[in-house]
Amino acid sequence: MEDIRPIHSKAMKNGHYEAVITTIFANLIVGPYLTGYLLFLGASAGQIGFITALPLLMNAILVIISAFLMEKYTNRYQIVFVTVLFHRVFLCACGIIPFIAPSEWWIPLFIVFFLIVCFFGSLSSAPFTTLLADMVPPEARAKYFAVRFTLTGVAAAVTLLITGWGLDRVSESKGFAALYIIGTGFALINMFTIARYPKLPHTPSGNGLSLKYLYKPFRDSGFIRSIVFVSFWVMAQGSTISLFSYVMLDIMGMSYEWVGISNTLLAVVSIFAYVVWGKLNTRWSNRKLLLWVFPINAVSIMLWGTQAFLPATVMLIVVYTFLGISMAGFGLLVFNFVISDTPDKDRPIYFSVYASMTGLFGFFGPLIGGLIFDYVVKWPMWFQEYGLIVLIGSVMLIASLTVSFRIFNEKEG
C-alpha cells in the first residue's frame, strides 16, 4: 500500500499557509473595517446590522443542505474549490461598486453581492471542515490545530494594526480602494493554496436525511433547552458586540487605528484564553464552565459603560480584554458541549441543528441592534454611546445568573 504520510505532511504545511493567507484576506475586507466601508457607502445602522447578520442567516439555511450535498456528491475538493472561488470573486467585486454604479445604488448592490458571498461561503463550510479534519491524522490534530489557531491569531493581529494605521493616514476613498486591491492579491494567492489541498475521498454516513433523523435532536429536551438559550445569547451578542465598531466610528468618533488596536487586543487575548479554558476543561465539564462564561461575557459588554468615567481608550482596552477572555471560552465550550454531550452516531445532525438555530438567532441580533440604534438616534448621546449596550448587557447578566443555572445545571452532579 502506498505510504500517504508525505502527502499528508505537505498538505498540513499548505494548510498553515492557507490559514494565514485567508486570515489576512478576511481581516482586510470582511473584518472590523467592513463597517467603515459600509459607512463610506452611506449605510445606516440598520443596514449595517442587516449586512453583518447575513452570513449567520445563510449558514442557518444552508448548513443542512451542505451536509446533504456531501452525501450525494462526495468530491469535497471540487466543492470547496468552486465555492471558495465564487466567494472570493464576489467579495472582491464589492470593492468596485463605487466605480460602476451611482451612489444611490451602492448599498443595494453591496447587499446583492454580499448575499452571493454568504451563499457560497456557507456551502463551503461543511466540506472544507471535514476535508481539513480528514487531512490531519487523529493523533496530530490537537497540536496541529493549536499551531494553526496561533498563526491565524498573529496574522489577524498584525493585519488589523497595519490596516487601522494606514486608513487613518489617507482619504477613505483611497484607503478602501487600496484595501480591495491588496485583498484581491491575497485572494489570488489564497486560491493557489486552496488548489493544493489533497483530493481525499469522503465516505457518506448512510443515515440519509429522513424526517425521523432530522427531528431526533428536537426530541432531546435537554439539548434543545441548552441550544435555545445559547441561540438567544448569540442574538444578544450580535445586537451589541457586532455593532461596537459602528458605535466607535459613527457615534463616538474614534479613529480606524483604535478599531484596529481594539480588535488586535481581542485576537491576542483570545489566543492565551483558549489555552486557559482548554486546561480548565480538562478538570471541569463544559456545562459547569459555561456557567462561568455567561456572566463574564455579560459583564464584558456592560463594561462598555465605563466610558462614563474613564477615557474612551482605556474603556476599549478593558472591554476588549474581557471580551477576549469570555468570547474564547464561549466559542470553545459551546463547541465542545455540542461535540461531547451529544450521541456519537447522531452527532452530525445534532451539530447541524445547533448551527442552524444559532445562525438564525445570530442573524436577528445585529439586525435588531442596528434598528434600535436607528430608533434612538435622537435620544441623549450618553444612551447612544453606552446606555443601550449596558442595558442589554444587564439583561444578559440576569439571565446568566438565573435561567442558565436551571438549564446547564440539570445534568451536573
# chains A, B, ... in the order shown; residues from 1 in each chain; ligands from 1

call {"tool": "closest_atom_pairs", "arguments": {"of": "region 31-100 of chain A", "to": "region 12-26 of chain A", "cutoff": "10 Å", "atoms": "only C-alpha atoms", "output": "Markdown table"}}
result
| residue | atom | partner | partner_atom | distance |
| --- | --- | --- | --- | --- |
| A:Gly31 | CA | A:Ala26 | CA | 5.9 |
| A:Pro32 | CA | A:Ala26 | CA | 9.7 |
| A:Leu34 | CA | A:Ala26 | CA | 9.9 |
| A:Arg88 | CA | A:Phe25 | CA | 9.3 |
| A:Leu91 | CA | A:Ala26 | CA | 9.7 |
| A:Cys92 | CA | A:Phe25 | CA | 9.9 |

call {"tool": "write_last_selection", "arguments": {"atoms": "C-alpha atoms", "output": "PDB file, in the first residue's frame"}}
result
ATOM      1  CA  GLY A  31     -13.102  42.220   9.307  1.00  0.00           C
ATOM      2  CA  PRO A  32     -13.984  45.158  11.572  1.00  0.00           C
ATOM      3  CA  LEU A  34     -16.190  46.430   6.787  1.00  0.00           C
ATOM      4  CA  ARG A  88     -13.606  35.362  -3.258  1.00  0.00           C
ATOM      5  CA  LEU A  91     -16.265  39.597  -2.199  1.00  0.00           C
ATOM      6  CA  CYS A  92     -13.521  41.364  -4.140  1.00  0.00           C
TER       7      CYS A  92
END

call {"tool": "select_by_dssp", "arguments": {"residues": "region 131-173 of chain A", "states": "alpha helix (DSSP H)", "output": "VMD selection string"}}
result
chain A and resid 131 to 135 141 to 167 172 to 173

call {"tool": "residues_around", "arguments": {"residues": "region 315-326 of chain A", "least_positions_apart": "4", "cutoff": "6 Å", "atoms": "only C-alpha atoms", "output": "PyMOL selection string"}}
result
chain A and resi 266+269-270+273+293+296-297+300+303+307

call {"tool": "closest_residue", "arguments": {"among": "A:Leu115, A:Val376, A:Leu289, A:Met302", "to": "Asn336 (chain A)", "atoms": "only C-alpha atoms"}}
result
A:Leu289

call {"tool": "residues_around", "arguments": {"residues": "Arg225 (chain A)", "least_positions_apart": "6", "cutoff": "12 Å", "atoms": "only C-alpha atoms", "output": "PyMOL selection string"}}
result
chain A and resi 217-219+231-232+354+357+403-410

call {"tool": "write_last_selection", "arguments": {"atoms": "all heavy atoms", "output": "short mmCIF file (atom, residue, chain, number, x, y, z; two decimals), in the first residue's frame"}}
result
data_model
loop_
_atom_site.label_atom_id
_atom_site.label_comp_id
_atom_site.auth_asym_id
_atom_site.auth_seq_id
_atom_site.Cartn_x
_atom_site.Cartn_y
_atom_site.Cartn_z
N PRO A 217 -32.83 15.46 17.24
CA PRO A 217 -32.35 16.42 18.24
C PRO A 217 -33.47 17.19 18.94
O PRO A 217 -33.34 17.56 20.11
CB PRO A 217 -31.45 17.36 17.42
CG PRO A 217 -31.07 16.58 16.22
CD PRO A 217 -32.26 15.72 15.92
N PHE A 218 -34.58 17.42 18.22
CA PHE A 218 -35.68 18.19 18.80
C PHE A 218 -36.45 17.39 19.85
O PHE A 218 -37.18 17.97 20.65
CB PHE A 218 -36.63 18.65 17.69
CG PHE A 218 -36.01 19.64 16.74
CD1 PHE A 218 -35.45 19.22 15.54
CD2 PHE A 218 -35.97 20.99 17.06
CE1 PHE A 218 -34.87 20.13 14.67
CE2 PHE A 218 -35.40 21.91 16.19
CZ PHE A 218 -34.84 21.48 14.99
N ARG A 219 -36.27 16.07 19.83
CA ARG A 219 -36.91 15.25 20.86
C ARG A 219 -36.02 15.10 22.10
O ARG A 219 -36.46 14.53 23.11
CB ARG A 219 -37.23 13.86 20.27
CG ARG A 219 -38.30 13.89 19.19
CD ARG A 219 -38.85 12.50 18.90
NE ARG A 219 -37.81 11.64 18.33
CZ ARG A 219 -37.61 11.49 17.02
NH1 ARG A 219 -38.35 12.15 16.15
NH2 ARG A 219 -36.67 10.67 16.58
N SER A 231 -28.73 30.15 21.67
CA SER A 231 -29.16 30.91 20.49
C SER A 231 -29.59 32.32 20.87
O SER A 231 -29.23 33.30 20.19
CB SER A 231 -30.31 30.18 19.79
OG SER A 231 -29.89 28.92 19.31
N PHE A 232 -30.37 32.44 21.94
CA PHE A 232 -30.75 33.78 22.41
C PHE A 232 -29.51 34.56 22.86
O PHE A 232 -29.43 35.79 22.67
CB PHE A 232 -31.76 33.68 23.56
CG PHE A 232 -33.18 33.57 23.10
CD1 PHE A 232 -33.86 32.36 23.15
CD2 PHE A 232 -33.85 34.68 22.61
CE1 PHE A 232 -35.18 32.25 22.72
CE2 PHE A 232 -35.17 34.59 22.17
CZ PHE A 232 -35.83 33.37 22.23
N TYR A 354 -27.75 22.65 15.80
CA TYR A 354 -27.10 23.71 16.59
C TYR A 354 -26.68 24.86 15.67
O TYR A 354 -26.96 26.04 15.98
CB TYR A 354 -25.88 23.12 17.31
CG TYR A 354 -24.79 24.13 17.59
CD1 TYR A 354 -24.92 25.08 18.60
CD2 TYR A 354 -23.61 24.12 16.84
CE1 TYR A 354 -23.93 26.02 18.84
CE2 TYR A 354 -22.61 25.04 17.09
CZ TYR A 354 -22.76 25.99 18.07
OH TYR A 354 -21.77 26.91 18.30
N MET A 357 -29.82 26.79 14.29
CA MET A 357 -30.54 27.62 15.27
C MET A 357 -29.71 28.83 15.69
O MET A 357 -30.22 29.95 15.74
CB MET A 357 -30.91 26.77 16.49
CG MET A 357 -32.02 25.76 16.21
SD MET A 357 -32.55 24.86 17.68
CE MET A 357 -33.19 26.21 18.70
N VAL A 403 -31.58 31.87 34.54
CA VAL A 403 -32.03 30.88 33.57
C VAL A 403 -30.93 29.86 33.25
O VAL A 403 -31.20 28.65 33.18
CB VAL A 403 -32.49 31.57 32.26
CG1 VAL A 403 -32.97 30.53 31.25
CG2 VAL A 403 -33.61 32.57 32.57
N SER A 404 -29.70 30.33 33.05
CA SER A 404 -28.63 29.41 32.66
C SER A 404 -28.38 28.34 33.72
O SER A 404 -28.05 27.19 33.40
CB SER A 404 -27.34 30.18 32.37
OG SER A 404 -26.76 30.69 33.55
N PHE A 405 -28.54 28.69 35.00
CA PHE A 405 -28.31 27.71 36.06
C PHE A 405 -29.38 26.61 36.04
O PHE A 405 -29.10 25.45 36.35
CB PHE A 405 -28.29 28.40 37.43
CG PHE A 405 -26.93 28.93 37.80
CD1 PHE A 405 -26.47 30.13 37.29
CD2 PHE A 405 -26.10 28.19 38.62
CE1 PHE A 405 -25.21 30.61 37.62
CE2 PHE A 405 -24.84 28.66 38.95
CZ PHE A 405 -24.40 29.88 38.45
N ARG A 406 -30.61 26.97 35.67
CA ARG A 406 -31.67 25.97 35.59
C ARG A 406 -31.45 25.02 34.41
O ARG A 406 -31.80 23.84 34.48
CB ARG A 406 -33.02 26.65 35.44
CG ARG A 406 -33.43 27.49 36.64
CD ARG A 406 -34.85 27.98 36.52
NE ARG A 406 -35.80 26.87 36.44
CZ ARG A 406 -37.10 27.00 36.28
NH1 ARG A 406 -37.62 28.22 36.18
NH2 ARG A 406 -37.89 25.95 36.24
N ILE A 407 -30.83 25.53 33.35
CA ILE A 407 -30.65 24.73 32.13
C ILE A 407 -29.37 23.89 32.18
O ILE A 407 -29.40 22.68 31.96
CB ILE A 407 -30.65 25.63 30.89
CG1 ILE A 407 -32.03 26.27 30.70
CG2 ILE A 407 -30.24 24.84 29.65
CD1 ILE A 407 -32.09 27.28 29.57
N PHE A 408 -28.27 24.53 32.51
CA PHE A 408 -26.97 23.85 32.40
C PHE A 408 -26.58 23.11 33.66
O PHE A 408 -25.58 22.40 33.68
CB PHE A 408 -25.89 24.86 32.01
CG PHE A 408 -26.01 25.31 30.59
CD1 PHE A 408 -26.75 26.43 30.28
CD2 PHE A 408 -25.42 24.59 29.57
CE1 PHE A 408 -26.89 26.85 28.96
CE2 PHE A 408 -25.54 25.02 28.24
CZ PHE A 408 -26.29 26.14 27.94
N ASN A 409 -27.37 23.26 34.75
CA ASN A 409 -27.08 22.51 35.96
C ASN A 409 -27.83 21.19 36.00
O ASN A 409 -27.58 20.35 36.85
CB ASN A 409 -27.49 23.32 37.21
CG ASN A 409 -26.27 23.77 37.98
OD1 ASN A 409 -25.17 23.28 37.76
ND2 ASN A 409 -26.46 24.71 38.90
N GLU A 410 -28.75 20.99 35.07
CA GLU A 410 -29.67 19.86 35.18
C GLU A 410 -29.00 18.49 35.09
O GLU A 410 -29.48 17.52 35.66
CB GLU A 410 -30.74 19.95 34.10
CG GLU A 410 -30.20 19.92 32.69
CD GLU A 410 -31.32 20.09 31.66
OE1 GLU A 410 -32.45 20.41 32.08
OE2 GLU A 410 -31.07 19.89 30.48
#

call {"tool": "atom_distance", "arguments": {"atom1": "CA of Lys10 (chain A)", "atom2": "CA of Val268 (chain A)"}}
result
28.0 Å

call {"tool": "residues_around", "arguments": {"residues": "Ala126 (chain A)", "least_positions_apart": "4", "cutoff": "12 Å", "atoms": "only C-alpha atoms", "output": "PyMOL selection string"}}
result
chain A and resi 59+62-71+74+76-77+79-80+83+120-122+130-133+202+348+351-352+355

call {"tool": "write_last_selection", "arguments": {"atoms": "N, CA, C and O atoms", "output": "compact mmCIF listing (two decimals), in the first residue's frame"}}
result
# COMPACT_ATOMS: atom_id res chain seq x y z
N ASN A 59 -25.84 30.69 6.81
CA ASN A 59 -25.33 29.47 7.43
C ASN A 59 -26.48 28.66 8.03
O ASN A 59 -26.51 27.43 7.94
N LEU A 62 -28.28 27.01 5.02
CA LEU A 62 -27.55 26.14 4.11
C LEU A 62 -26.73 25.03 4.77
O LEU A 62 -26.23 24.15 4.07
N VAL A 63 -26.57 25.06 6.10
CA VAL A 63 -25.68 24.08 6.71
C VAL A 63 -26.17 22.65 6.49
O VAL A 63 -25.38 21.74 6.21
N ILE A 64 -27.47 22.42 6.63
CA ILE A 64 -28.00 21.06 6.40
C ILE A 64 -27.97 20.72 4.93
O ILE A 64 -27.68 19.57 4.54
N ILE A 65 -28.24 21.70 4.06
CA ILE A 65 -28.15 21.46 2.60
C ILE A 65 -26.73 21.09 2.22
O ILE A 65 -26.49 20.20 1.40
N SER A 66 -25.76 21.77 2.84
CA SER A 66 -24.36 21.47 2.57
C SER A 66 -24.01 20.05 2.96
O SER A 66 -23.32 19.33 2.22
N ALA A 67 -24.51 19.61 4.12
CA ALA A 67 -24.26 18.23 4.56
C ALA A 67 -24.92 17.24 3.60
O ALA A 67 -24.36 16.18 3.30
N PHE A 68 -26.11 17.58 3.12
CA PHE A 68 -26.81 16.72 2.18
C PHE A 68 -26.04 16.59 0.86
O PHE A 68 -25.93 15.49 0.29
N LEU A 69 -25.48 17.71 0.38
CA LEU A 69 -24.69 17.67 -0.85
C LEU A 69 -23.50 16.74 -0.72
O LEU A 69 -23.13 16.04 -1.67
N MET A 70 -22.91 16.73 0.47
CA MET A 70 -21.76 15.85 0.69
C MET A 70 -22.16 14.39 0.65
O MET A 70 -21.36 13.52 0.28
N GLU A 71 -23.41 14.09 1.02
CA GLU A 71 -23.88 12.71 0.96
C GLU A 71 -24.08 12.27 -0.49
O GLU A 71 -23.88 11.10 -0.84
N THR A 74 -19.57 13.31 -3.37
CA THR A 74 -18.52 13.07 -2.36
C THR A 74 -17.17 13.72 -2.68
O THR A 74 -16.24 13.59 -1.89
N ARG A 76 -15.28 16.38 -2.21
CA ARG A 76 -15.24 17.61 -1.41
C ARG A 76 -14.27 18.63 -1.99
O ARG A 76 -14.49 19.84 -1.88
N TYR A 77 -13.18 18.16 -2.57
CA TYR A 77 -12.16 19.07 -3.13
C TYR A 77 -12.79 19.99 -4.17
O TYR A 77 -12.58 21.21 -4.14
N ILE A 79 -16.00 20.71 -4.56
CA ILE A 79 -16.99 21.58 -3.91
C ILE A 79 -16.30 22.77 -3.25
O ILE A 79 -16.71 23.93 -3.42
N VAL A 80 -15.23 22.48 -2.51
CA VAL A 80 -14.50 23.54 -1.81
C VAL A 80 -13.90 24.54 -2.80
O VAL A 80 -14.05 25.76 -2.64
N THR A 83 -16.77 26.67 -4.64
CA THR A 83 -17.50 27.59 -3.74
C THR A 83 -16.59 28.69 -3.20
O THR A 83 -17.01 29.85 -3.12
N PHE A 120 -22.15 31.18 -1.04
CA PHE A 120 -21.05 30.28 -1.36
C PHE A 120 -20.17 30.00 -0.15
O PHE A 120 -19.63 28.90 0.00
N GLY A 121 -20.03 30.99 0.74
CA GLY A 121 -19.26 30.76 1.96
C GLY A 121 -19.89 29.70 2.84
O GLY A 121 -19.19 28.84 3.41
N SER A 122 -21.22 29.73 2.96
CA SER A 122 -21.91 28.74 3.78
C SER A 122 -21.86 27.35 3.15
O SER A 122 -21.71 26.35 3.85
N THR A 130 -14.62 19.19 7.02
CA THR A 130 -14.39 17.75 7.06
C THR A 130 -13.15 17.36 6.27
O THR A 130 -12.43 16.43 6.64
N LEU A 131 -12.88 18.05 5.16
CA LEU A 131 -11.66 17.79 4.40
C LEU A 131 -10.43 18.09 5.24
O LEU A 131 -9.46 17.31 5.26
N LEU A 132 -10.48 19.21 5.95
CA LEU A 132 -9.36 19.59 6.81
C LEU A 132 -9.16 18.58 7.93
O LEU A 132 -8.03 18.19 8.26
N ALA A 133 -10.27 18.13 8.53
CA ALA A 133 -10.19 17.16 9.62
C ALA A 133 -9.61 15.83 9.14
O ALA A 133 -8.77 15.21 9.82
N HIS A 202 -14.50 11.05 0.39
CA HIS A 202 -15.43 11.16 1.51
C HIS A 202 -16.40 9.99 1.48
O HIS A 202 -17.00 9.69 0.43
N PRO A 348 -23.63 14.43 13.64
CA PRO A 348 -23.76 15.35 12.51
C PRO A 348 -25.08 16.12 12.49
O PRO A 348 -25.10 17.33 12.27
N PHE A 351 -25.19 18.62 15.38
CA PHE A 351 -24.38 19.80 15.09
C PHE A 351 -25.08 20.68 14.04
O PHE A 351 -25.04 21.92 14.14
N SER A 352 -25.74 20.07 13.07
CA SER A 352 -26.45 20.85 12.05
C SER A 352 -27.59 21.66 12.66
O SER A 352 -27.80 22.83 12.32
N ALA A 355 -26.00 24.55 14.56
CA ALA A 355 -25.52 25.59 13.66
C ALA A 355 -26.68 26.37 13.04
O ALA A 355 -26.61 27.59 12.88

call {"tool": "residues_around", "arguments": {"residues": "Ile251 (chain A)", "least_positions_apart": "4", "cutoff": "12 Å", "atoms": "only C-alpha atoms", "output": "list in words"}}
result
Leu39, Ser44, Ala45, Leu243, Phe244, Ser245, Tyr246, Val247, Ser255, Phe373, Asp374, Val376, Val377, Lys378, Pro380, Met381, Trp382, Phe383, Gln384, Glu385 and Tyr386 of chain A

call {"tool": "residues_around", "arguments": {"residues": "Ala11 (chain A)", "least_positions_apart": "6", "cutoff": "9 Å", "atoms": "only C-alpha atoms", "output": "NGL selection string"}}
result
:A and (135-136 or 196-198)

call {"tool": "closest_residue", "arguments": {"among": "A:Ser125, A:Ile96, A:Pro201, A:Gly183", "to": "Phe113 (chain A)", "atoms": "only C-alpha atoms"}}
result
A:Ile96

call {"tool": "atom_distance", "arguments": {"atom1": "CA of Pro98 (chain A)", "atom2": "CA of Gly185 (chain A)"}}
result
19.5 Å

call {"tool": "atom_distance", "arguments": {"atom1": "CA of Leu85 (chain A)", "atom2": "CA of Arg148 (chain A)"}}
result
22.1 Å
